[in-house]
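Here is the structure we will look at, set down as structure tokens.
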Amino acid sequence: EERVKWGKIKTEERAIEKLLRSYGSDVSNLVDLCRQSIIFDDPADLLACVKAIRDDAEVVIVRIKNRLRKDYDSRESAGYRDVLLNLRVETEETMVVGVETHVCEVQLILRHFAQLKSDEGHRNYVHFRNARGE
């Protein structure tokens, strides 16, 4: 079964929409242009992945958005839950090519939530997000 879902780069149209709707045109908040998903069957494996990324000396975690927290109000995401890591990779190679400050997003998702991200599920989420003006 699929464990890594290679995401497409966010479209220019959606990036501009998000900047205007959610970030007051502050481009520094747009941190999910480049994103990938890792799918887990077990919450313990997801936690182990978070710890491995946290402990990697070449990774700088900029933000963790934990939508698996017990106190997270899942109405904010139409019932969807995951853990988002916004991070930078700081290596000799990224510094040479000048991308060490680029922030990307890694989405850590339990399989049953990943299955909700089908085409139909995503369409429902887009309607939900648009209704909220996000």
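Residue numbers start at 1 in each chain; chains themselves are named A, B, ... in the order of the structure tokens; ligands are numbered from 1 in the order shown.
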Can you pull out the residues contacting region 28-40 of chain A? Cut-off 8 Å, using only C-alpha atoms, and skip same-chain residues under 2 positions away; I want them as a PDB file with all heavy atoms, in the first residue's frame.
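Saved as selection06.pdb:
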ATOM      1  N   GLU A   2       0.318   2.299  -0.524  1.00  0.00           N
ATOM      2  CA  GLU A   2       1.040   3.558  -0.650  1.00  0.00           C
ATOM      3  C   GLU A   2       1.442   4.115   0.716  1.00  0.00           C
ATOM      4  O   GLU A   2       0.640   4.180   1.632  1.00  0.00           O
ATOM      5  CB  GLU A   2       0.136   4.561  -1.380  1.00  0.00           C
ATOM      6  CG  GLU A   2       0.764   5.879  -1.661  1.00  0.00           C
ATOM      7  CD  GLU A   2      -0.188   6.808  -2.401  1.00  0.00           C
ATOM      8  OE1 GLU A   2      -1.345   6.951  -1.977  1.00  0.00           O
ATOM      9  OE2 GLU A   2       0.253   7.389  -3.389  1.00  0.00           O
ATOM     10  N   ARG A   3       2.710   4.497   0.856  1.00  0.00           N
ATOM     11  CA  ARG A   3       3.207   5.067   2.115  1.00  0.00           C
ATOM     12  C   ARG A   3       3.596   6.536   1.941  1.00  0.00           C
ATOM     13  O   ARG A   3       3.546   7.294   2.889  1.00  0.00           O
ATOM     14  CB  ARG A   3       4.430   4.300   2.604  1.00  0.00           C
ATOM     15  CG  ARG A   3       4.178   2.861   2.901  1.00  0.00           C
ATOM     16  CD  ARG A   3       3.862   2.526   4.280  1.00  0.00           C
ATOM     17  NE  ARG A   3       4.706   3.201   5.241  1.00  0.00           N
ATOM     18  CZ  ARG A   3       4.463   3.191   6.531  1.00  0.00           C
ATOM     19  NH1 ARG A   3       3.428   2.551   6.986  1.00  0.00           N
ATOM     20  NH2 ARG A   3       5.237   3.804   7.351  1.00  0.00           N
ATOM     21  N   VAL A   4       4.041   6.898   0.740  1.00  0.00           N
ATOM     22  CA  VAL A   4       4.411   8.286   0.461  1.00  0.00           C
ATOM     23  C   VAL A   4       3.558   8.769  -0.687  1.00  0.00           C
ATOM     24  O   VAL A   4       3.446   8.102  -1.712  1.00  0.00           O
ATOM     25  CB  VAL A   4       5.914   8.409   0.097  1.00  0.00           C
ATOM     26  CG1 VAL A   4       6.247   9.833  -0.307  1.00  0.00           C
ATOM     27  CG2 VAL A   4       6.785   7.961   1.254  1.00  0.00           C
ATOM     28  N   LYS A   5       2.939   9.904  -0.485  1.00  0.00           N
ATOM     29  CA  LYS A   5       2.126  10.500  -1.551  1.00  0.00           C
ATOM     30  C   LYS A   5       2.845  11.768  -1.995  1.00  0.00           C
ATOM     31  O   LYS A   5       2.991  12.711  -1.226  1.00  0.00           O
ATOM     32  CB  LYS A   5       0.729  10.823  -1.043  1.00  0.00           C
ATOM     33  CG  LYS A   5      -0.153  11.386  -2.124  1.00  0.00           C
ATOM     34  CD  LYS A   5      -1.587  11.466  -1.682  1.00  0.00           C
ATOM     35  CE  LYS A   5      -2.343  12.299  -2.638  1.00  0.00           C
ATOM     36  NZ  LYS A   5      -3.221  11.825  -3.495  1.00  0.00           N
ATOM     37  N   TRP A   6       3.310  11.744  -3.203  1.00  0.00           N
ATOM     38  CA  TRP A   6       4.060  12.874  -3.740  1.00  0.00           C
ATOM     39  C   TRP A   6       3.076  13.959  -4.157  1.00  0.00           C
ATOM     40  O   TRP A   6       2.309  13.786  -5.086  1.00  0.00           O
ATOM     41  CB  TRP A   6       4.925  12.419  -4.909  1.00  0.00           C
ATOM     42  CG  TRP A   6       5.904  11.376  -4.478  1.00  0.00           C
ATOM     43  CD1 TRP A   6       5.802  10.032  -4.653  1.00  0.00           C
ATOM     44  CD2 TRP A   6       7.099  11.589  -3.734  1.00  0.00           C
ATOM     45  NE1 TRP A   6       6.869   9.393  -4.070  1.00  0.00           N
ATOM     46  CE2 TRP A   6       7.683  10.327  -3.501  1.00  0.00           C
ATOM     47  CE3 TRP A   6       7.745  12.728  -3.234  1.00  0.00           C
ATOM     48  CZ2 TRP A   6       8.872  10.173  -2.801  1.00  0.00           C
ATOM     49  CZ3 TRP A   6       8.935  12.562  -2.541  1.00  0.00           C
ATOM     50  CH2 TRP A   6       9.478  11.303  -2.331  1.00  0.00           C
ATOM     51  N   GLY A   7       3.106  15.050  -3.441  1.00  0.00           N
ATOM     52  CA  GLY A   7       2.183  16.147  -3.707  1.00  0.00           C
ATOM     53  C   GLY A   7       2.662  17.018  -4.855  1.00  0.00           C
ATOM     54  O   GLY A   7       3.857  17.116  -5.128  1.00  0.00           O
ATOM     55  N   LYS A   8       1.706  17.642  -5.499  1.00  0.00           N
ATOM     56  CA  LYS A   8       2.037  18.602  -6.547  1.00  0.00           C
ATOM     57  C   LYS A   8       2.363  19.940  -5.900  1.00  0.00           C
ATOM     58  O   LYS A   8       1.882  20.254  -4.815  1.00  0.00           O
ATOM     59  CB  LYS A   8       0.846  18.778  -7.491  1.00  0.00           C
ATOM     60  CG  LYS A   8       0.478  17.518  -8.239  1.00  0.00           C
ATOM     61  CD  LYS A   8      -0.737  17.753  -9.090  1.00  0.00           C
ATOM     62  CE  LYS A   8      -1.169  16.456  -9.759  1.00  0.00           C
ATOM     63  NZ  LYS A   8      -2.452  16.595 -10.444  1.00  0.00           N
ATOM     64  N   ILE A   9       3.167  20.723  -6.584  1.00  0.00           N
ATOM     65  CA  ILE A   9       3.440  22.076  -6.097  1.00  0.00           C
ATOM     66  C   ILE A   9       2.130  22.853  -6.164  1.00  0.00           C
ATOM     67  O   ILE A   9       1.372  22.747  -7.130  1.00  0.00           O
ATOM     68  CB  ILE A   9       4.540  22.734  -6.947  1.00  0.00           C
ATOM     69  CG1 ILE A   9       5.862  21.995  -6.696  1.00  0.00           C
ATOM     70  CG2 ILE A   9       4.675  24.215  -6.606  1.00  0.00           C
ATOM     71  CD1 ILE A   9       7.017  22.487  -7.533  1.00  0.00           C
ATOM     72  N   LYS A  10       1.857  23.615  -5.114  1.00  0.00           N
ATOM     73  CA  LYS A  10       0.626  24.391  -5.040  1.00  0.00           C
ATOM     74  C   LYS A  10       0.537  25.301  -6.268  1.00  0.00           C
ATOM     75  O   LYS A  10       1.524  25.916  -6.669  1.00  0.00           O
ATOM     76  CB  LYS A  10       0.611  25.237  -3.760  1.00  0.00           C
ATOM     77  CG  LYS A  10      -0.703  25.967  -3.525  1.00  0.00           C
ATOM     78  CD  LYS A  10      -0.699  26.737  -2.225  1.00  0.00           C
ATOM     79  CE  LYS A  10      -0.671  25.884  -1.001  1.00  0.00           C
ATOM     80  NZ  LYS A  10      -1.780  24.997  -0.778  1.00  0.00           N
ATOM     81  N   THR A  11      -0.632  25.375  -6.859  1.00  0.00           N
ATOM     82  CA  THR A  11      -0.793  26.205  -8.052  1.00  0.00           C
ATOM     83  C   THR A  11      -0.652  27.681  -7.699  1.00  0.00           C
ATOM     84  O   THR A  11      -0.908  28.105  -6.562  1.00  0.00           O
ATOM     85  CB  THR A  11      -2.175  25.995  -8.710  1.00  0.00           C
ATOM     86  OG1 THR A  11      -3.187  26.478  -7.820  1.00  0.00           O
ATOM     87  CG2 THR A  11      -2.416  24.540  -9.071  1.00  0.00           C
ATOM     88  N   ALA A  15      -2.109  29.628  -4.423  1.00  0.00           N
ATOM     89  CA  ALA A  15      -1.156  30.347  -3.567  1.00  0.00           C
ATOM     90  C   ALA A  15      -1.604  31.799  -3.385  1.00  0.00           C
ATOM     91  O   ALA A  15      -1.611  32.319  -2.258  1.00  0.00           O
ATOM     92  CB  ALA A  15       0.242  30.281  -4.166  1.00  0.00           C
ATOM     93  N   LYS A  18      -4.749  31.920  -1.192  1.00  0.00           N
ATOM     94  CA  LYS A  18      -4.426  31.701   0.219  1.00  0.00           C
ATOM     95  C   LYS A  18      -3.747  32.937   0.826  1.00  0.00           C
ATOM     96  O   LYS A  18      -4.034  33.310   1.960  1.00  0.00           O
ATOM     97  CB  LYS A  18      -3.524  30.468   0.348  1.00  0.00           C
ATOM     98  CG  LYS A  18      -3.412  29.933   1.744  1.00  0.00           C
ATOM     99  CD  LYS A  18      -2.736  28.575   1.747  1.00  0.00           C
ATOM    100  CE  LYS A  18      -2.775  27.953   3.117  1.00  0.00           C
ATOM    101  NZ  LYS A  18      -2.142  26.635   3.137  1.00  0.00           N
ATOM    102  N   LEU A  19      -2.848  33.548   0.058  1.00  0.00           N
ATOM    103  CA  LEU A  19      -2.196  34.778   0.541  1.00  0.00           C
ATOM    104  C   LEU A  19      -3.211  35.850   0.871  1.00  0.00           C
ATOM    105  O   LEU A  19      -3.126  36.505   1.916  1.00  0.00           O
ATOM    106  CB  LEU A  19      -1.232  35.317  -0.521  1.00  0.00           C
ATOM    107  CG  LEU A  19       0.150  34.722  -0.558  1.00  0.00           C
ATOM    108  CD1 LEU A  19       0.905  35.232  -1.774  1.00  0.00           C
ATOM    109  CD2 LEU A  19       0.917  35.041   0.710  1.00  0.00           C
ATOM    110  N   TYR A  23      -3.622  35.115   4.801  1.00  0.00           N
ATOM    111  CA  TYR A  23      -2.351  35.630   5.304  1.00  0.00           C
ATOM    112  C   TYR A  23      -2.171  37.132   5.140  1.00  0.00           C
ATOM    113  O   TYR A  23      -1.060  37.633   5.327  1.00  0.00           O
ATOM    114  CB  TYR A  23      -1.180  34.898   4.644  1.00  0.00           C
ATOM    115  CG  TYR A  23      -1.182  33.409   4.896  1.00  0.00           C
ATOM    116  CD1 TYR A  23      -0.836  32.520   3.896  1.00  0.00           C
ATOM    117  CD2 TYR A  23      -1.522  32.890   6.146  1.00  0.00           C
ATOM    118  CE1 TYR A  23      -0.833  31.153   4.132  1.00  0.00           C
ATOM    119  CE2 TYR A  23      -1.523  31.530   6.385  1.00  0.00           C
ATOM    120  CZ  TYR A  23      -1.177  30.671   5.375  1.00  0.00           C
ATOM    121  OH  TYR A  23      -1.179  29.325   5.610  1.00  0.00           O
ATOM    122  N   ASP A  26       0.909  38.434   3.372  1.00  0.00           N
ATOM    123  CA  ASP A  26       2.248  38.199   3.936  1.00  0.00           C
ATOM    124  C   ASP A  26       2.791  36.880   3.406  1.00  0.00           C
ATOM    125  O   ASP A  26       2.450  35.803   3.898  1.00  0.00           O
ATOM    126  CB  ASP A  26       2.184  38.184   5.461  1.00  0.00           C
ATOM    127  CG  ASP A  26       3.545  38.008   6.109  1.00  0.00           C
ATOM    128  OD1 ASP A  26       4.543  37.804   5.371  1.00  0.00           O
ATOM    129  OD2 ASP A  26       3.610  38.063   7.348  1.00  0.00           O
ATOM    130  N   ASP A  42      -0.221   3.171  11.917  1.00  0.00           N
ATOM    131  CA  ASP A  42      -0.193   3.142  13.378  1.00  0.00           C
ATOM    132  C   ASP A  42       0.268   4.496  13.928  1.00  0.00           C
ATOM    133  O   ASP A  42       1.288   5.020  13.470  1.00  0.00           O
ATOM    134  CB  ASP A  42       0.787   2.043  13.796  1.00  0.00           C
ATOM    135  CG  ASP A  42       0.814   1.817  15.275  1.00  0.00           C
ATOM    136  OD1 ASP A  42       1.212   2.734  16.019  1.00  0.00           O
ATOM    137  OD2 ASP A  42       0.445   0.700  15.693  1.00  0.00           O
ATOM    138  N   PRO A  43      -0.446   5.047  14.903  1.00  0.00           N
ATOM    139  CA  PRO A  43      -0.026   6.332  15.494  1.00  0.00           C
ATOM    140  C   PRO A  43       1.386   6.291  16.084  1.00  0.00           C
ATOM    141  O   PRO A  43       2.102   7.287  16.049  1.00  0.00           O
ATOM    142  CB  PRO A  43      -1.066   6.584  16.592  1.00  0.00           C
ATOM    143  CG  PRO A  43      -2.259   5.782  16.187  1.00  0.00           C
ATOM    144  CD  PRO A  43      -1.712   4.583  15.468  1.00  0.00           C
ATOM    145  N   ASP A  45       3.961   4.727  14.898  1.00  0.00           N
ATOM    146  CA  ASP A  45       4.906   4.913  13.792  1.00  0.00           C
ATOM    147  C   ASP A  45       4.948   6.379  13.371  1.00  0.00           C
ATOM    148  O   ASP A  45       6.018   6.909  13.047  1.00  0.00           O
ATOM    149  CB  ASP A  45       4.523   4.042  12.598  1.00  0.00           C
ATOM    150  CG  ASP A  45       4.701   2.554  12.877  1.00  0.00           C
ATOM    151  OD1 ASP A  45       5.484   2.200  13.782  1.00  0.00           O
ATOM    152  OD2 ASP A  45       4.040   1.749  12.194  1.00  0.00           O
ATOM    153  N   LEU A  46       3.799   7.033  13.370  1.00  0.00           N
ATOM    154  CA  LEU A  46       3.748   8.459  13.044  1.00  0.00           C
ATOM    155  C   LEU A  46       4.583   9.242  14.061  1.00  0.00           C
ATOM    156  O   LEU A  46       5.388  10.102  13.684  1.00  0.00           O
ATOM    157  CB  LEU A  46       2.304   8.950  13.030  1.00  0.00           C
ATOM    158  CG  LEU A  46       2.054  10.358  12.526  1.00  0.00           C
ATOM    159  CD1 LEU A  46       0.682  10.450  11.865  1.00  0.00           C
ATOM    160  CD2 LEU A  46       2.145  11.379  13.631  1.00  0.00           C
ATOM    161  N   ASN A  86       6.286  21.940   9.097  1.00  0.00           N
ATOM    162  CA  ASN A  86       6.897  22.882   8.166  1.00  0.00           C
ATOM    163  C   ASN A  86       8.368  22.921   8.544  1.00  0.00           C
ATOM    164  O   ASN A  86       8.717  23.129   9.711  1.00  0.00           O
ATOM    165  CB  ASN A  86       6.259  24.258   8.274  1.00  0.00           C
ATOM    166  CG  ASN A  86       4.806  24.219   7.857  1.00  0.00           C
ATOM    167  OD1 ASN A  86       3.923  24.384   8.683  1.00  0.00           O
ATOM    168  ND2 ASN A  86       4.548  23.972   6.598  1.00  0.00           N
ATOM    169  N   VAL A 103      10.983  26.877   3.044  1.00  0.00           N
ATOM    170  CA  VAL A 103      10.178  26.084   3.973  1.00  0.00           C
ATOM    171  C   VAL A 103       9.250  25.186   3.158  1.00  0.00           C
ATOM    172  O   VAL A 103       8.567  25.645   2.239  1.00  0.00           O
ATOM    173  CB  VAL A 103       9.351  26.990   4.917  1.00  0.00           C
ATOM    174  CG1 VAL A 103       8.486  26.150   5.854  1.00  0.00           C
ATOM    175  CG2 VAL A 103      10.279  27.905   5.718  1.00  0.00           C
ATOM    176  N   CYS A 104       9.243  23.916   3.482  1.00  0.00           N
ATOM    177  CA  CYS A 104       8.341  22.972   2.825  1.00  0.00           C
ATOM    178  C   CYS A 104       7.477  22.301   3.894  1.00  0.00           C
ATOM    179  O   CYS A 104       7.688  22.500   5.084  1.00  0.00           O
ATOM    180  CB  CYS A 104       9.117  21.945   2.015  1.00  0.00           C
ATOM    181  SG  CYS A 104      10.288  20.980   2.962  1.00  0.00           S
ATOM    182  N   GLU A 105       6.507  21.540   3.441  1.00  0.00           N
ATOM    183  CA  GLU A 105       5.577  20.912   4.369  1.00  0.00           C
ATOM    184  C   GLU A 105       5.593  19.405   4.201  1.00  0.00           C
ATOM    185  O   GLU A 105       5.526  18.896   3.082  1.00  0.00           O
ATOM    186  CB  GLU A 105       4.163  21.444   4.112  1.00  0.00           C
ATOM    187  CG  GLU A 105       3.123  20.900   5.060  1.00  0.00           C
ATOM    188  CD  GLU A 105       1.803  21.633   4.902  1.00  0.00           C
ATOM    189  OE1 GLU A 105       1.652  22.704   5.514  1.00  0.00           O
ATOM    190  OE2 GLU A 105       0.949  21.136   4.151  1.00  0.00           O
ATOM    191  N   VAL A 106       5.666  18.706   5.325  1.00  0.00           N
ATOM    192  CA  VAL A 106       5.522  17.258   5.343  1.00  0.00           C
ATOM    193  C   VAL A 106       4.251  16.963   6.122  1.00  0.00           C
ATOM    194  O   VAL A 106       4.105  17.376   7.267  1.00  0.00           O
ATOM    195  CB  VAL A 106       6.739  16.566   5.999  1.00  0.00           C
ATOM    196  CG1 VAL A 106       6.531  15.064   6.047  1.00  0.00           C
ATOM    197  CG2 VAL A 106       8.019  16.915   5.251  1.00  0.00           C
ATOM    198  N   GLN A 107       3.329  16.270   5.472  1.00  0.00           N
ATOM    199  CA  GLN A 107       2.048  15.919   6.082  1.00  0.00           C
ATOM    200  C   GLN A 107       2.132  14.474   6.539  1.00  0.00           C
ATOM    201  O   GLN A 107       2.369  13.576   5.738  1.00  0.00           O
ATOM    202  CB  GLN A 107       0.921  16.083   5.063  1.00  0.00           C
ATOM    203  CG  GLN A 107       0.837  17.469   4.472  1.00  0.00           C
ATOM    204  CD  GLN A 107      -0.087  17.544   3.259  1.00  0.00           C
ATOM    205  OE1 GLN A 107      -0.569  16.535   2.750  1.00  0.00           O
ATOM    206  NE2 GLN A 107      -0.330  18.746   2.792  1.00  0.00           N
ATOM    207  N   LEU A 108       1.971  14.263   7.841  1.00  0.00           N
ATOM    208  CA  LEU A 108       1.991  12.917   8.413  1.00  0.00           C
ATOM    209  C   LEU A 108       0.549  12.523   8.691  1.00  0.00           C
ATOM    210  O   LEU A 108      -0.137  13.176   9.484  1.00  0.00           O
ATOM    211  CB  LEU A 108       2.827  12.897   9.691  1.00  0.00           C
ATOM    212  CG  LEU A 108       4.245  13.487   9.559  1.00  0.00           C
ATOM    213  CD1 LEU A 108       4.950  13.470  10.902  1.00  0.00           C
ATOM    214  CD2 LEU A 108       5.042  12.761   8.496  1.00  0.00           C
ATOM    215  N   ILE A 109       0.091  11.459   8.028  1.00  0.00           N
ATOM    216  CA  ILE A 109      -1.338  11.153   8.006  1.00  0.00           C
ATOM    217  C   ILE A 109      -1.573   9.692   8.352  1.00  0.00           C
ATOM    218  O   ILE A 109      -0.914   8.793   7.805  1.00  0.00           O
ATOM    219  CB  ILE A 109      -1.924  11.429   6.605  1.00  0.00           C
ATOM    220  CG1 ILE A 109      -1.549  12.825   6.113  1.00  0.00           C
ATOM    221  CG2 ILE A 109      -3.434  11.261   6.600  1.00  0.00           C
ATOM    222  CD1 ILE A 109      -1.850  13.060   4.645  1.00  0.00           C
ATOM    223  N   LEU A 110      -2.529   9.447   9.223  1.00  0.00           N
ATOM    224  CA  LEU A 110      -2.975   8.077   9.463  1.00  0.00           C
ATOM    225  C   LEU A 110      -3.793   7.621   8.256  1.00  0.00           C
ATOM    226  O   LEU A 110      -4.535   8.405   7.657  1.00  0.00           O
ATOM    227  CB  LEU A 110      -3.786   7.991  10.748  1.00  0.00           C
ATOM    228  CG  LEU A 110      -2.984   8.276  12.016  1.00  0.00           C
ATOM    229  CD1 LEU A 110      -3.903   8.379  13.232  1.00  0.00           C
ATOM    230  CD2 LEU A 110      -1.919   7.204  12.229  1.00  0.00           C
ATOM    231  N   ARG A 111      -3.655   6.354   7.890  1.00  0.00           N
ATOM    232  CA  ARG A 111      -4.233   5.848   6.640  1.00  0.00           C
ATOM    233  C   ARG A 111      -5.729   6.143   6.494  1.00  0.00           C
ATOM    234  O   ARG A 111      -6.187   6.525   5.430  1.00  0.00           O
ATOM    235  CB  ARG A 111      -3.986   4.341   6.491  1.00  0.00           C
ATOM    236  CG  ARG A 111      -4.445   3.820   5.124  1.00  0.00           C
ATOM    237  CD  ARG A 111      -3.930   2.448   4.808  1.00  0.00           C
ATOM    238  NE  ARG A 111      -2.499   2.296   4.912  1.00  0.00           N
ATOM    239  CZ  ARG A 111      -1.621   2.703   3.983  1.00  0.00           C
ATOM    240  NH1 ARG A 111      -2.045   3.317   2.901  1.00  0.00           N
ATOM    241  NH2 ARG A 111      -0.329   2.508   4.154  1.00  0.00           N
ATOM    242  N   ALA A 114      -6.046   9.550   5.331  1.00  0.00           N
ATOM    243  CA  ALA A 114      -5.519   9.683   3.968  1.00  0.00           C
ATOM    244  C   ALA A 114      -6.555   9.218   2.954  1.00  0.00           C
ATOM    245  O   ALA A 114      -6.687   9.797   1.871  1.00  0.00           O
ATOM    246  CB  ALA A 114      -4.234   8.882   3.821  1.00  0.00           C
TER     247      ALA A 114
END
Margin query: Using DSSP secondary structure from the backbone, list all helix (DSSP H, G or I) positions within region 53-111 of chain A, as a list of chain:residue names.
Written below: A:Ile53, A:Arg54, A:Asp55, A:Ser74, A:Arg75, A:Glu76, A:Ser77, A:Glu92, A:Glu93, A:Thr94, A:Met95, A:Val96, A:Val97, A:Arg111
Notebook entry, point to check: Leaving out Arg69 (chain A) and any residue of its chain fewer than 2 positions from it, which residues lie within 12 Å of it when counting only C-alpha atoms, given as a PyMOL selection string?
Noted result: chain A and resi 43+64-67+71-74+81-83
Next item on the list: Give me the residues within 12 Å of Asp56 (chain A) as a ChimeraX atom specification, counting only C-alpha atoms and dropping any in the same chain fewer than 5 places off.
Entry: /A:49-51,61,87-91
Notebook entry, point to check: Using only C-alpha atoms, which residue out of A:Leu20, A:Tyr80, A:Glu92, A:Glu1 lies closest to Leu68 (chain A)?
Noted result: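 With only C-alpha atoms as the atom set, the closest residue is A:Tyr80.
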Checklist line | Nearest to Gln115 (chain A) by atom-to-atom distance, counting only C-alpha atoms, from A:Val99, A:Asp41, A:Val59, A:Glu76 | finding: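 The shortest atom-to-atom distance to Gln115 (chain A) comes from A:Asp41.
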Item checked: strand (DSSP E) positions in chain A, given as a PyMOL selection string -> chain A and resi 4-6+35-40+59-66+83-89+104-110
Next item on the list: For CA of Ala78 (chain A) and CA of Arg63 (chain A), quote the distance in Å rounded to one decimal.
Entry: 21.6 Å
